[in-house]
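Scroll down for the structure; my scribbles are underneath it.
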Amino acid sequence: DWQEWASYYGQNNDELHMPFNFALINTPWRADVVREVVENVERVLSKGQQPNYVFSNHDEHRIASRIGEPAARACMLLLLTLRGTPTLYYGDEIGMVDGDIPPELAQDPWGKNVQGLGLGRDPERTPMQWDSSPNAGFAPEGVRTWLPVNPDYPTRNVAAQLADPRSMLNLTRALLKLRRESPALHGGSYRTLSGDAHVYVFERAAGAQRFIVAINFTAEPRQVALPSGGALIISTEMDRADERVGEQLSLRPYEAVIVRV
């Protein structure tokens, strides 16, 4: 009930500063469904009430495991371009996936007490993967960590991704930098431009600054009509910077882009 959720801000914005919005955690990865959540949030909020979005946390399977690694990049761009405060769960910035926790190493009481139903929350709580050293740099060699390190840590870690200009980590850093420097992204208005079940297009604007965000939610290439052209400044593939685009935009599978109008 979105109206009830919004009531927690208080009639005079004097109660909760920012009630958590968990709606997108279990929302199917479909453009029309996600867009409906965002539009509901925008519809019920009054002036001075700060929206927020959460795609992942310590109680739910990781984004990359839920929707796939290519889509996780588009999800990161969406999270960091929507109006309001984003919540970013540790490890999502390098695309960490759920760990495989043997029953004898389980720690979560929920999973241990109700076995066989997949309710344990340990898979999304494995140690952060900093580098390719033993224990992923999270703990000294020889130490048994609370949960086992995910076996993919030698290749999926912060150090490796810092060295790769097109990595998930460098995409996240580029998005955070752009958000921090752009009034339209960190405090501007939101407006839906178009979309269907496959593509979501919206505008963020503040003063003369205007961005168009276009996200392909599918594994198929898509053509998108834009209200105006501009300069493509970030793609989730990290290979289209400064590309000029007109009123027709081509998106690759699961690609999301930001266009400066």
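Just remember, in the structure tokens the first chain shown is A, the second B, etc., residues are 1-based per chain, and ligands are 1-based in the order shown.
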**Report entry** Near-region 78-84 of chain A list (10 Å; only C-alpha atoms; drop same-chain fewer than 2 positions) as a count of residues only
**Finding:** 43
Near region 137-155 of chain A, 12 Å: region 54-97 of chain A residue rows, closest pairs, only C-alpha atoms, as a tab-separated table:
residue	atom	partner	partner_atom	distance
A:Gly91	CA	A:Tyr153	CA	11.2
A:Ile94	CA	A:Tyr153	CA	10.6
A:Gly95	CA	A:Asp152	CA	11.1
A:Met96	CA	A:Asn150	CA	8.7
A:Val97	CA	A:Asn150	CA	8.2
Any chance you can output those residues with N, CA, C and O atoms as a short mmCIF file (atom, residue, chain, number, x, y, z; two decimals), in the first residue's frame?
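This went into again33.cif:
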data_model
loop_
_atom_site.label_atom_id
_atom_site.label_comp_id
_atom_site.auth_asym_id
_atom_site.auth_seq_id
_atom_site.Cartn_x
_atom_site.Cartn_y
_atom_site.Cartn_z
N GLY A 91 29.63 -5.75 -2.36
CA GLY A 91 29.90 -6.82 -3.32
C GLY A 91 29.14 -6.68 -4.62
O GLY A 91 29.58 -7.21 -5.65
N ILE A 94 31.03 -5.31 -7.62
CA ILE A 94 31.90 -6.16 -8.45
C ILE A 94 31.11 -7.35 -8.99
O ILE A 94 31.69 -8.30 -9.53
N GLY A 95 29.79 -7.31 -8.85
CA GLY A 95 28.95 -8.37 -9.40
C GLY A 95 29.06 -9.69 -8.66
O GLY A 95 28.92 -10.76 -9.26
N MET A 96 29.30 -9.64 -7.35
CA MET A 96 29.37 -10.88 -6.58
C MET A 96 28.09 -11.68 -6.72
O MET A 96 27.00 -11.13 -6.83
N VAL A 97 28.22 -13.01 -6.73
CA VAL A 97 27.08 -13.91 -6.83
C VAL A 97 26.95 -14.69 -5.52
O VAL A 97 27.85 -14.69 -4.68
#
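Separating CA of Val34 (chain A) from CA of Thr236 (chain A) is a distance of 18.4 Å.
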Query - Residue neighbourhood Gln3 (chain A), 12 Å, only C-alpha atoms, exclusion window fewer than 6 positions, as a ChimeraX atom specification - result: /A:9-11,40-46
Report task. Name all residues at most 10 Å from Gln161 (chain A) (count only C-alpha atoms; drop same-chain ones fewer than 3 positions away) and give them as a ChimeraX atom specification. Result -> /A:93-94,130-131,155-158,164-171
Report task. Compile the contact shell of Arg125 (chain A) as a PyMOL selection string: residues with an atom at most 12 Å away, counting only C-alpha atoms, same-chain residues fewer than 2 positions apart removed. Result -> chain A and resi 56-62+89-92+96-101+106-108+120-123+127-129+145-150
